[in-house]
Number of protein chains: 2
Amino acid sequence: MVIAEFDNDSTFNPDDFLRNVSVDNVIFGYHDKELRVLLQLPLTFDKWTLTGGYIKRTETIEEAAHRIAYSRTGLNNLFLQQFRSFGTPTRISYNQFDLEKVNKLIGAEATANAWMFDYFVSVGFYTLTEFSLVEVKKGGYDEVCKWWPINELPSLIFDHQHIIDEALRALRMHISFFPIGYELLPEKFTLPEIHSLYETILGKSLDYRNFQKRLIATGILIKLNETRSIGAHRSPFLYKFDVAKYEEGLKSGVALAF
Amino acid sequence: MVIAEFDNDSTFNPDDFLRNVSVDNVIFGYHDKELRVLLQLPLTFDKWTLTGGYIKRTETIEEAAHRIAYSRTGLNNLFLQQFRSFGTPTRISYNQFDLEKVNKLIGAEATANAWMFDYFVSVGFYTLTEFSLVEVKKGGYDEVCKWWPINELPSLIFDHQHIIDEALRALRMHISFFPIGYELLPEKFTLPEIHSLYETILGKSLDYRNFQKRLIATGILIKLNETRSIGAHRSPFLYKFDVAKYEEGLKSGVALAF
DNA sequence: TGAATAGTGTCTTTAAGACAGTATATC
DNA sequence: GATATACTGTCTTAAAGACACTATTCA
């Protein structure tokens, strides 16, 4: 629930958007055994927020989620997954806004019943991407937009901490039934790399031998006849995804009960 | 997305409700090996709809779902489960309304941009109840409200068939991980009864011996020293739920991979 | 040759799935 | 005793989980 739309549209008009519904994206980023979330610090708050926004009258909620994600990451083929909606009259609280800053932005005196302080039901989406390659673009009304390690999140506005918790729960459930990694790993990757990926997302260690057995058994991996040189150590073999089987797994599920 | 609120409130004022968000309840009913859905035929359509409604500015989306479910079933302790939200600009289509009837109801000429024809994002909830004991109450603006067998649904308005399909998918996934039956079976029930319940909901047959083994293994059942007389047949034993373990299972899940 | 990482195999336990004959209640 | 339903047990197979040693790279 933020004013991301202002960014590319200087003639922002609330009437072009749905009232009382918004989208919040929980964008998880993975890199080098670390899981982060993309958060922004709007000028109108002194707390961080998810990258969210309003829904245009001409677009679906999924399109809105993609547009908002694109506006921050420049990525337009993210696998955005709806996981829950959040609706409580008190979730958006008037007094968490910095009214002085709001007034300056609006160029007028904001009253307590201004549309932006209204009760918004937020539809939550999450996604997962490789964050080291993403060029984060802050919105015109944000001070900063950056990746925060999942275990060291700053103080968040409204119920955004709760939304992140729920998104992480959904993500962790999701990866027991569907393959992940295609957007997160280089085209050719090693088993230790994908092993670390799963461990990081699940937040627990997985026996490497059993992990390998199960992952191979899904049939989504193709072992290559190349190795990666990693210094004074044995060189691990490279693998790539069998894209057809990976896609198939995304649809009908894959047995990986972690 | 219907005008259920009119029912108990003759002074219905759209300003008391959120714009552009609604709730749709998929109320599944079970009785005697049959699964049904509660649908209503509003005066303003010639197609059937889910029992849905708008969200008051003073209530959470969950409270709205409960209020709406109560208004049709008289039940107020339903286990309503949010499963997805639906938002497409075209999902509510103006020309599926019977304008003549709408005008008569409103007492004025409805224009194409009236609030009720607007783009509504609908938050979907489902629940499951024993339908033979429910006294269905139709809304003041409905012609009928009744249970339809899941396999013989009438023609539904908007995307309501799709919402039902998604709800059923969620329900079937749900019962592989969580116990069901407490609200659906009499306090004392037999194994063949709960077996039929699972078969009906899943829409497939389950080997009785394996089913029993797994269900007993969950520990949520208590075998009683009584039997039920069912005529010229062997009398099955009665069971009841171990409520504490059942509740526990609702929280942390139960292994029942069907 | 030592340090760090990659790779591999077996055993045990548990669960899933297929399958058929005996027991009981009433007419 | 005929009929309809309830009840029970075993075998096979597959998957999960625990566990420890060998192989490779290069400084």
# chains A, B, ... in the order shown; residues from 1 in each chain; ligands from 1

call {"tool": "residues_around", "arguments": {"residues": "Arg169 (chain A)", "least_positions_apart": "3", "cutoff": "12 Å", "atoms": "only C-alpha atoms (C1' of nucleotides)", "output": "PDB file with N, CA and C atoms, in the first residue's frame"}}
result
ATOM      1  N   VAL A  26       5.731  -9.360  -1.835  1.00  0.00           N
ATOM      2  CA  VAL A  26       6.874  -9.756  -1.019  1.00  0.00           C
ATOM      3  C   VAL A  26       7.895 -10.338  -1.993  1.00  0.00           C
ATOM      4  N   PHE A  83      -0.811 -15.440  -2.378  1.00  0.00           N
ATOM      5  CA  PHE A  83      -0.846 -16.379  -1.246  1.00  0.00           C
ATOM      6  C   PHE A  83      -1.924 -16.071  -0.217  1.00  0.00           C
ATOM      7  N   ARG A  84      -2.364 -14.855  -0.067  1.00  0.00           N
ATOM      8  CA  ARG A  84      -3.426 -14.526   0.901  1.00  0.00           C
ATOM      9  C   ARG A  84      -3.834 -13.078   0.744  1.00  0.00           C
ATOM     10  N   TYR A 126       3.885 -13.205  -3.561  1.00  0.00           N
ATOM     11  CA  TYR A 126       5.322 -13.292  -3.312  1.00  0.00           C
ATOM     12  C   TYR A 126       6.014 -13.776  -4.572  1.00  0.00           C
ATOM     13  N   HIS A 162       3.856  -9.088   9.357  1.00  0.00           N
ATOM     14  CA  HIS A 162       2.962 -10.244   9.328  1.00  0.00           C
ATOM     15  C   HIS A 162       2.806 -10.782   7.899  1.00  0.00           C
ATOM     16  N   ILE A 163       2.673  -9.881   6.944  1.00  0.00           N
ATOM     17  CA  ILE A 163       2.535 -10.289   5.544  1.00  0.00           C
ATOM     18  C   ILE A 163       3.788 -11.034   5.086  1.00  0.00           C
ATOM     19  N   ILE A 164       4.949 -10.545   5.483  1.00  0.00           N
ATOM     20  CA  ILE A 164       6.202 -11.224   5.123  1.00  0.00           C
ATOM     21  C   ILE A 164       6.252 -12.614   5.753  1.00  0.00           C
ATOM     22  N   ASP A 165       5.873 -12.704   7.018  1.00  0.00           N
ATOM     23  CA  ASP A 165       5.876 -14.007   7.692  1.00  0.00           C
ATOM     24  C   ASP A 165       4.991 -15.006   6.943  1.00  0.00           C
ATOM     25  N   GLU A 166       3.823 -14.547   6.549  1.00  0.00           N
ATOM     26  CA  GLU A 166       2.889 -15.432   5.841  1.00  0.00           C
ATOM     27  C   GLU A 166       3.432 -15.810   4.462  1.00  0.00           C
ATOM     28  N   ARG A 172       7.809 -21.589   1.711  1.00  0.00           N
ATOM     29  CA  ARG A 172       8.423 -22.823   2.221  1.00  0.00           C
ATOM     30  C   ARG A 172       7.543 -24.033   1.973  1.00  0.00           C
ATOM     31  N   MET A 173       6.247 -23.827   2.055  1.00  0.00           N
ATOM     32  CA  MET A 173       5.339 -24.924   1.734  1.00  0.00           C
ATOM     33  C   MET A 173       5.421 -25.228   0.230  1.00  0.00           C
ATOM     34  N   HIS A 174       5.458 -24.180  -0.529  1.00  0.00           N
ATOM     35  CA  HIS A 174       5.482 -24.294  -1.981  1.00  0.00           C
ATOM     36  C   HIS A 174       6.652 -25.139  -2.480  1.00  0.00           C
ATOM     37  N   ILE A 175       7.834 -24.948  -1.929  1.00  0.00           N
ATOM     38  CA  ILE A 175       8.989 -25.636  -2.490  1.00  0.00           C
ATOM     39  C   ILE A 175       9.051 -27.109  -2.097  1.00  0.00           C
ATOM     40  N   SER A 176       8.107 -27.561  -1.288  1.00  0.00           N
ATOM     41  CA  SER A 176       8.014 -29.000  -1.058  1.00  0.00           C
ATOM     42  C   SER A 176       7.230 -29.688  -2.165  1.00  0.00           C
ATOM     43  N   ILE A 201      16.497 -21.143   1.793  1.00  0.00           N
ATOM     44  CA  ILE A 201      15.077 -20.797   1.782  1.00  0.00           C
ATOM     45  C   ILE A 201      14.335 -21.472   2.920  1.00  0.00           C
ATOM     46  N   LEU A 202      14.678 -22.736   3.170  1.00  0.00           N
ATOM     47  CA  LEU A 202      13.970 -23.452   4.222  1.00  0.00           C
ATOM     48  C   LEU A 202      14.481 -23.074   5.610  1.00  0.00           C
ATOM     49  N   GLY A 203      15.653 -22.463   5.655  1.00  0.00           N
ATOM     50  CA  GLY A 203      16.183 -22.050   6.945  1.00  0.00           C
ATOM     51  C   GLY A 203      16.606 -23.214   7.813  1.00  0.00           C
TER      52      GLY A 203
END

call {"tool": "interface_residues", "arguments": {"of": "chain A", "to": "chain C", "cutoff": "12 Å", "atoms": "only C-alpha atoms (C1' of nucleotides)", "output": "list in words"}}
result
Thr190, Leu191, Pro192, Glu193, Tyr208, Arg209, Asn210, Gln212, Lys213, Thr227, Arg228, Ser229, Ile230, Gly231, Ala232, His233, Arg234, Ser235, Pro236, Phe237 and Leu238 of chain A

call {"tool": "closest_residue", "arguments": {"among": "B:Leu50, B:Val121, B:Cys145, B:Ala65", "to": "chain A", "atoms": "only C-alpha atoms"}}
result
B:Val121

call {"tool": "select_by_dssp", "arguments": {"residues": "region 56-253 of chain A", "states": "helix (DSSP H, G or I)", "output": "PyMOL selection string"}}
result
chain A and resi 61-73+94-96+99-106+115-117+131-133+160-174+191-202+208-218+243-252

call {"tool": "write_last_selection", "arguments": {"atoms": "C-alpha atoms", "output": "PDB file, in the first residue's frame"}}
result
ATOM      1  CA  ILE A  61      -4.781  -7.977  -9.700  1.00  0.00           C
ATOM      2  CA  GLU A  62      -2.071 -10.155 -11.232  1.00  0.00           C
ATOM      3  CA  GLU A  63      -1.254  -7.468 -13.785  1.00  0.00           C
ATOM      4  CA  ALA A  64      -1.081  -4.896 -11.025  1.00  0.00           C
ATOM      5  CA  ALA A  65       1.336  -7.075  -9.072  1.00  0.00           C
ATOM      6  CA  HIS A  66       3.543  -7.469 -12.144  1.00  0.00           C
ATOM      7  CA  ARG A  67       3.476  -3.776 -12.983  1.00  0.00           C
ATOM      8  CA  ILE A  68       4.454  -2.844  -9.440  1.00  0.00           C
ATOM      9  CA  ALA A  69       7.204  -5.462  -9.322  1.00  0.00           C
ATOM     10  CA  TYR A  70       8.522  -4.234 -12.658  1.00  0.00           C
ATOM     11  CA  SER A  71       8.608  -0.654 -11.443  1.00  0.00           C
ATOM     12  CA  ARG A  72      11.055  -1.615  -8.702  1.00  0.00           C
ATOM     13  CA  THR A  73      13.107  -4.402 -10.241  1.00  0.00           C
ATOM     14  CA  TYR A  94      -3.668   7.161  10.027  1.00  0.00           C
ATOM     15  CA  ASN A  95      -1.227   8.023  12.744  1.00  0.00           C
ATOM     16  CA  GLN A  96       1.587   5.990  11.248  1.00  0.00           C
ATOM     17  CA  LEU A  99       1.335  14.085   8.128  1.00  0.00           C
ATOM     18  CA  GLU A 100       3.717  16.932   7.608  1.00  0.00           C
ATOM     19  CA  LYS A 101       5.437  15.054   4.802  1.00  0.00           C
ATOM     20  CA  VAL A 102       2.138  13.874   3.340  1.00  0.00           C
ATOM     21  CA  ASN A 103       0.898  17.455   3.182  1.00  0.00           C
ATOM     22  CA  LYS A 104       4.060  18.574   1.482  1.00  0.00           C
ATOM     23  CA  LEU A 105       3.710  15.786  -1.097  1.00  0.00           C
ATOM     24  CA  ILE A 106       0.061  16.339  -1.791  1.00  0.00           C
ATOM     25  CA  TRP A 115      -8.434   8.226   0.400  1.00  0.00           C
ATOM     26  CA  MET A 116      -4.904   7.156   1.259  1.00  0.00           C
ATOM     27  CA  PHE A 117      -5.734   6.677   4.930  1.00  0.00           C
ATOM     28  CA  PHE A 131      19.035 -10.173  -6.265  1.00  0.00           C
ATOM     29  CA  SER A 132      22.633  -9.525  -7.237  1.00  0.00           C
ATOM     30  CA  LEU A 133      21.641  -8.834 -10.830  1.00  0.00           C
ATOM     31  CA  HIS A 160       3.824  -5.726   6.765  1.00  0.00           C
ATOM     32  CA  GLN A 161       5.921  -7.901   9.062  1.00  0.00           C
ATOM     33  CA  HIS A 162       2.962 -10.244   9.328  1.00  0.00           C
ATOM     34  CA  ILE A 163       2.535 -10.289   5.544  1.00  0.00           C
ATOM     35  CA  ILE A 164       6.202 -11.224   5.123  1.00  0.00           C
ATOM     36  CA  ASP A 165       5.876 -14.007   7.692  1.00  0.00           C
ATOM     37  CA  GLU A 166       2.889 -15.432   5.841  1.00  0.00           C
ATOM     38  CA  ALA A 167       4.638 -15.132   2.486  1.00  0.00           C
ATOM     39  CA  LEU A 168       7.663 -17.005   3.798  1.00  0.00           C
ATOM     40  CA  ARG A 169       5.428 -19.710   5.181  1.00  0.00           C
ATOM     41  CA  ALA A 170       3.717 -20.063   1.799  1.00  0.00           C
ATOM     42  CA  LEU A 171       7.045 -20.102  -0.034  1.00  0.00           C
ATOM     43  CA  ARG A 172       8.423 -22.823   2.221  1.00  0.00           C
ATOM     44  CA  MET A 173       5.339 -24.924   1.734  1.00  0.00           C
ATOM     45  CA  HIS A 174       5.482 -24.294  -1.981  1.00  0.00           C
ATOM     46  CA  LEU A 191      24.655 -29.586  -6.812  1.00  0.00           C
ATOM     47  CA  PRO A 192      26.229 -27.852  -3.796  1.00  0.00           C
ATOM     48  CA  GLU A 193      24.847 -24.583  -5.153  1.00  0.00           C
ATOM     49  CA  ILE A 194      21.276 -25.766  -5.458  1.00  0.00           C
ATOM     50  CA  HIS A 195      21.658 -27.540  -2.132  1.00  0.00           C
ATOM     51  CA  SER A 196      22.565 -24.240  -0.482  1.00  0.00           C
ATOM     52  CA  LEU A 197      19.617 -22.591  -2.178  1.00  0.00           C
ATOM     53  CA  TYR A 198      17.156 -25.019  -0.640  1.00  0.00           C
ATOM     54  CA  GLU A 199      18.811 -24.833   2.758  1.00  0.00           C
ATOM     55  CA  THR A 200      18.722 -21.043   2.728  1.00  0.00           C
ATOM     56  CA  ILE A 201      15.077 -20.797   1.782  1.00  0.00           C
ATOM     57  CA  LEU A 202      13.970 -23.452   4.222  1.00  0.00           C
ATOM     58  CA  TYR A 208      23.390 -33.548   1.217  1.00  0.00           C
ATOM     59  CA  ARG A 209      23.228 -37.181   0.148  1.00  0.00           C
ATOM     60  CA  ASN A 210      19.498 -37.556   0.673  1.00  0.00           C
ATOM     61  CA  PHE A 211      18.858 -34.182  -0.914  1.00  0.00           C
ATOM     62  CA  GLN A 212      20.765 -35.221  -3.998  1.00  0.00           C
ATOM     63  CA  LYS A 213      18.978 -38.541  -4.291  1.00  0.00           C
ATOM     64  CA  ARG A 214      15.573 -36.894  -4.146  1.00  0.00           C
ATOM     65  CA  LEU A 215      16.401 -34.070  -6.491  1.00  0.00           C
ATOM     66  CA  ILE A 216      17.908 -36.415  -9.092  1.00  0.00           C
ATOM     67  CA  ALA A 217      14.870 -38.658  -8.726  1.00  0.00           C
ATOM     68  CA  THR A 218      12.573 -35.831  -9.847  1.00  0.00           C
ATOM     69  CA  VAL A 243      13.305 -27.211 -18.962  1.00  0.00           C
ATOM     70  CA  ALA A 244      10.437 -29.332 -20.272  1.00  0.00           C
ATOM     71  CA  LYS A 245      10.347 -31.442 -17.113  1.00  0.00           C
ATOM     72  CA  TYR A 246      10.825 -28.389 -14.944  1.00  0.00           C
ATOM     73  CA  GLU A 247       7.797 -26.706 -16.509  1.00  0.00           C
ATOM     74  CA  GLU A 248       5.847 -29.920 -16.170  1.00  0.00           C
ATOM     75  CA  GLY A 249       6.813 -30.018 -12.495  1.00  0.00           C
ATOM     76  CA  LEU A 250       5.571 -26.456 -12.027  1.00  0.00           C
ATOM     77  CA  LYS A 251       2.176 -27.542 -13.250  1.00  0.00           C
ATOM     78  CA  SER A 252       1.596 -30.958 -11.801  1.00  0.00           C
TER      79      SER A 252
END

call {"tool": "interface_residues", "arguments": {"of": "chain B", "to": "chain A", "cutoff": "9 Å", "atoms": "only C-alpha atoms", "output": "short mmCIF file (atom, residue, chain, number, x, y, z; two decimals) with all heavy atoms, in the first residue's frame"}}
result
data_model
loop_
_atom_site.label_atom_id
_atom_site.label_comp_id
_atom_site.auth_asym_id
_atom_site.auth_seq_id
_atom_site.Cartn_x
_atom_site.Cartn_y
_atom_site.Cartn_z
N LEU B 18 -16.98 -1.15 1.86
CA LEU B 18 -15.81 -0.92 1.02
C LEU B 18 -16.22 -0.95 -0.44
O LEU B 18 -17.09 -1.71 -0.84
CB LEU B 18 -14.74 -1.98 1.29
CG LEU B 18 -14.17 -2.04 2.71
CD1 LEU B 18 -13.02 -3.03 2.76
CD2 LEU B 18 -13.70 -0.66 3.15
N ARG B 19 -15.58 -0.11 -1.21
CA ARG B 19 -15.79 -0.12 -2.65
C ARG B 19 -14.80 -1.09 -3.27
O ARG B 19 -13.66 -1.21 -2.85
CB ARG B 19 -15.47 1.28 -3.23
CG ARG B 19 -16.61 2.26 -3.14
CD ARG B 19 -17.79 1.84 -3.99
NE ARG B 19 -17.58 2.08 -5.41
CZ ARG B 19 -17.89 3.21 -6.02
NH1 ARG B 19 -18.40 4.21 -5.34
NH2 ARG B 19 -17.67 3.34 -7.31
N ASN B 20 -15.24 -1.77 -4.31
CA ASN B 20 -14.32 -2.56 -5.14
C ASN B 20 -13.75 -3.82 -4.48
O ASN B 20 -12.85 -4.45 -5.02
CB ASN B 20 -13.15 -1.72 -5.66
CG ASN B 20 -13.60 -0.47 -6.39
OD1 ASN B 20 -14.42 -0.55 -7.31
ND2 ASN B 20 -13.11 0.67 -5.98
N VAL B 21 -14.24 -4.17 -3.30
CA VAL B 21 -13.88 -5.44 -2.69
C VAL B 21 -15.12 -6.12 -2.18
O VAL B 21 -15.98 -5.47 -1.60
CB VAL B 21 -12.96 -5.33 -1.46
CG1 VAL B 21 -12.02 -6.52 -1.38
CG2 VAL B 21 -12.23 -4.03 -1.42
N LYS B 56 -18.19 -4.45 5.37
CA LYS B 56 -18.42 -3.21 6.12
C LYS B 56 -17.10 -2.55 6.47
O LYS B 56 -16.10 -3.23 6.70
CB LYS B 56 -19.19 -3.51 7.41
CG LYS B 56 -20.63 -3.91 7.20
CD LYS B 56 -21.34 -4.07 8.54
CE LYS B 56 -22.75 -4.58 8.30
NZ LYS B 56 -23.42 -4.98 9.57
N ARG B 57 -17.14 -1.25 6.55
CA ARG B 57 -15.92 -0.50 6.88
C ARG B 57 -15.43 -0.79 8.29
O ARG B 57 -14.31 -0.43 8.65
CB ARG B 57 -16.18 1.00 6.75
CG ARG B 57 -16.60 1.40 5.35
CD ARG B 57 -16.65 2.91 5.19
NE ARG B 57 -16.31 3.21 3.81
CZ ARG B 57 -15.07 3.37 3.38
NH1 ARG B 57 -14.07 3.32 4.24
NH2 ARG B 57 -14.82 3.60 2.11
N THR B 58 -16.28 -1.41 9.10
CA THR B 58 -15.93 -1.63 10.50
C THR B 58 -15.51 -3.07 10.78
O THR B 58 -15.24 -3.41 11.92
CB THR B 58 -17.14 -1.32 11.39
OG1 THR B 58 -18.27 -2.05 10.86
CG2 THR B 58 -17.45 0.15 11.39
N GLU B 59 -15.49 -3.91 9.76
CA GLU B 59 -15.21 -5.31 10.03
C GLU B 59 -14.03 -5.82 9.19
O GLU B 59 -13.70 -5.25 8.16
CB GLU B 59 -16.46 -6.17 9.73
CG GLU B 59 -16.81 -6.24 8.25
CD GLU B 59 -18.16 -6.89 7.96
OE1 GLU B 59 -18.84 -7.32 8.91
OE2 GLU B 59 -18.53 -6.94 6.77
N THR B 60 -13.43 -6.91 9.63
CA THR B 60 -12.37 -7.55 8.86
C THR B 60 -13.01 -8.37 7.74
O THR B 60 -14.21 -8.64 7.77
CB THR B 60 -11.52 -8.50 9.73
OG1 THR B 60 -12.36 -9.58 10.13
CG2 THR B 60 -10.98 -7.80 10.96
N ILE B 61 -12.19 -8.80 6.77
CA ILE B 61 -12.75 -9.62 5.71
C ILE B 61 -13.26 -10.95 6.27
O ILE B 61 -14.26 -11.48 5.81
CB ILE B 61 -11.75 -9.87 4.55
CG1 ILE B 61 -10.39 -10.35 5.06
CG2 ILE B 61 -11.57 -8.60 3.73
CD1 ILE B 61 -9.38 -10.61 3.93
N GLU B 62 -12.59 -11.46 7.29
CA GLU B 62 -13.05 -12.70 7.91
C GLU B 62 -14.40 -12.50 8.59
O GLU B 62 -15.29 -13.35 8.50
CB GLU B 62 -12.01 -13.21 8.93
CG GLU B 62 -10.74 -13.79 8.32
CD GLU B 62 -9.76 -12.75 7.80
OE1 GLU B 62 -9.90 -11.55 8.20
OE2 GLU B 62 -8.88 -13.08 6.99
N GLN B 82 -9.94 -18.86 3.93
CA GLN B 82 -9.65 -18.05 2.75
C GLN B 82 -8.76 -18.85 1.81
O GLN B 82 -7.79 -19.48 2.26
CB GLN B 82 -8.92 -16.77 3.18
CG GLN B 82 -8.77 -15.77 2.07
CD GLN B 82 -7.81 -14.65 2.37
OE1 GLN B 82 -6.99 -14.28 1.55
NE2 GLN B 82 -7.90 -14.10 3.58
N PHE B 83 -9.07 -18.87 0.53
CA PHE B 83 -8.24 -19.66 -0.38
C PHE B 83 -7.67 -18.89 -1.55
O PHE B 83 -6.63 -19.25 -2.09
CB PHE B 83 -9.01 -20.90 -0.88
CG PHE B 83 -10.21 -20.58 -1.73
CD1 PHE B 83 -10.12 -20.59 -3.11
CD2 PHE B 83 -11.41 -20.26 -1.13
CE1 PHE B 83 -11.23 -20.28 -3.89
CE2 PHE B 83 -12.52 -19.94 -1.90
CZ PHE B 83 -12.44 -19.96 -3.28
N ARG B 84 -8.28 -17.80 -1.99
CA ARG B 84 -7.74 -17.02 -3.11
C ARG B 84 -8.57 -15.77 -3.29
O ARG B 84 -9.72 -15.71 -2.86
CB ARG B 84 -7.80 -17.82 -4.41
CG ARG B 84 -6.47 -18.13 -5.05
CD ARG B 84 -6.61 -18.50 -6.52
NE ARG B 84 -6.81 -17.35 -7.38
CZ ARG B 84 -6.95 -17.43 -8.71
NH1 ARG B 84 -6.90 -18.60 -9.30
NH2 ARG B 84 -7.13 -16.34 -9.41
N SER B 85 -8.02 -14.79 -3.96
CA SER B 85 -8.81 -13.63 -4.35
C SER B 85 -8.87 -13.56 -5.87
O SER B 85 -7.95 -14.01 -6.56
CB SER B 85 -8.20 -12.35 -3.79
OG SER B 85 -8.30 -12.36 -2.38
N PHE B 86 -9.97 -13.02 -6.35
CA PHE B 86 -10.22 -12.98 -7.78
C PHE B 86 -10.42 -11.54 -8.22
O PHE B 86 -11.31 -10.86 -7.72
CB PHE B 86 -11.47 -13.81 -8.11
CG PHE B 86 -11.32 -15.26 -7.70
CD1 PHE B 86 -11.63 -15.65 -6.40
CD2 PHE B 86 -10.84 -16.20 -8.59
CE1 PHE B 86 -11.47 -16.98 -6.00
CE2 PHE B 86 -10.68 -17.53 -8.20
CZ PHE B 86 -10.99 -17.91 -6.91
N GLY B 87 -9.60 -11.10 -9.15
CA GLY B 87 -9.70 -9.72 -9.58
C GLY B 87 -9.41 -9.56 -11.05
O GLY B 87 -8.27 -9.66 -11.46
N THR B 88 -10.43 -9.33 -11.82
CA THR B 88 -10.32 -9.09 -13.25
C THR B 88 -11.34 -8.00 -13.58
O THR B 88 -12.49 -8.08 -13.12
CB THR B 88 -10.68 -10.38 -14.03
OG1 THR B 88 -9.92 -11.46 -13.50
CG2 THR B 88 -10.39 -10.24 -15.50
N PRO B 89 -10.93 -7.01 -14.36
CA PRO B 89 -11.86 -5.90 -14.61
C PRO B 89 -13.19 -6.36 -15.19
O PRO B 89 -14.22 -5.77 -14.93
CB PRO B 89 -11.10 -5.05 -15.64
CG PRO B 89 -9.67 -5.40 -15.47
CD PRO B 89 -9.63 -6.83 -15.02
N THR B 90 -13.13 -7.45 -15.94
CA THR B 90 -14.33 -7.89 -16.65
C THR B 90 -15.13 -8.95 -15.91
O THR B 90 -16.10 -9.48 -16.45
CB THR B 90 -13.94 -8.46 -18.02
OG1 THR B 90 -12.95 -9.46 -17.81
CG2 THR B 90 -13.40 -7.36 -18.92
N TYR B 119 -16.02 -2.73 -10.88
CA TYR B 119 -14.97 -3.76 -10.77
C TYR B 119 -14.80 -4.12 -9.30
O TYR B 119 -14.37 -3.29 -8.51
CB TYR B 119 -13.70 -3.19 -11.38
CG TYR B 119 -12.42 -4.01 -11.29
CD1 TYR B 119 -12.35 -5.27 -10.73
CD2 TYR B 119 -11.25 -3.48 -11.82
CE1 TYR B 119 -11.17 -5.98 -10.67
CE2 TYR B 119 -10.06 -4.19 -11.78
CZ TYR B 119 -10.02 -5.44 -11.19
OH TYR B 119 -8.84 -6.12 -11.12
N PHE B 120 -15.15 -5.36 -8.96
CA PHE B 120 -14.97 -5.82 -7.58
C PHE B 120 -13.93 -6.93 -7.52
O PHE B 120 -14.02 -7.90 -8.28
CB PHE B 120 -16.29 -6.34 -7.00
CG PHE B 120 -17.15 -5.29 -6.38
CD1 PHE B 120 -18.02 -4.53 -7.17
CD2 PHE B 120 -17.08 -5.03 -5.03
CE1 PHE B 120 -18.81 -3.54 -6.60
CE2 PHE B 120 -17.88 -4.04 -4.46
CZ PHE B 120 -18.74 -3.29 -5.26
N VAL B 121 -12.96 -6.76 -6.64
CA VAL B 121 -12.05 -7.86 -6.33
C VAL B 121 -12.73 -8.69 -5.26
O VAL B 121 -13.16 -8.16 -4.24
CB VAL B 121 -10.69 -7.35 -5.81
CG1 VAL B 121 -9.84 -8.50 -5.32
CG2 VAL B 121 -9.97 -6.55 -6.89
N VAL B 123 -12.71 -11.71 -2.47
CA VAL B 123 -11.91 -12.59 -1.63
C VAL B 123 -12.71 -13.87 -1.40
O VAL B 123 -13.83 -13.82 -0.89
CB VAL B 123 -11.56 -11.94 -0.29
CG1 VAL B 123 -10.66 -12.84 0.54
CG2 VAL B 123 -10.90 -10.58 -0.51
#

call {"tool": "interface_residues", "arguments": {"of": "chain D", "to": "chain A", "cutoff": "12 Å", "atoms": "only C-alpha atoms (C1' of nucleotides)", "output": "PyMOL selection string"}}
result
chain D and resi 15-20+23-27

call {"tool": "atom_distance", "arguments": {"atom1": "CA of Gln40 (chain A)", "atom2": "CA of Trp147 (chain A)"}}
result
8.6 Å

call {"tool": "atom_distance", "arguments": {"atom1": "CA of Leu184 (chain B)", "atom2": "CA of Glu152 (chain B)"}}
result
21.5 Å

call {"tool": "atom_distance", "arguments": {"atom1": "CA of Lys240 (chain B)", "atom2": "CA of Lys204 (chain B)"}}
result
24.3 Å
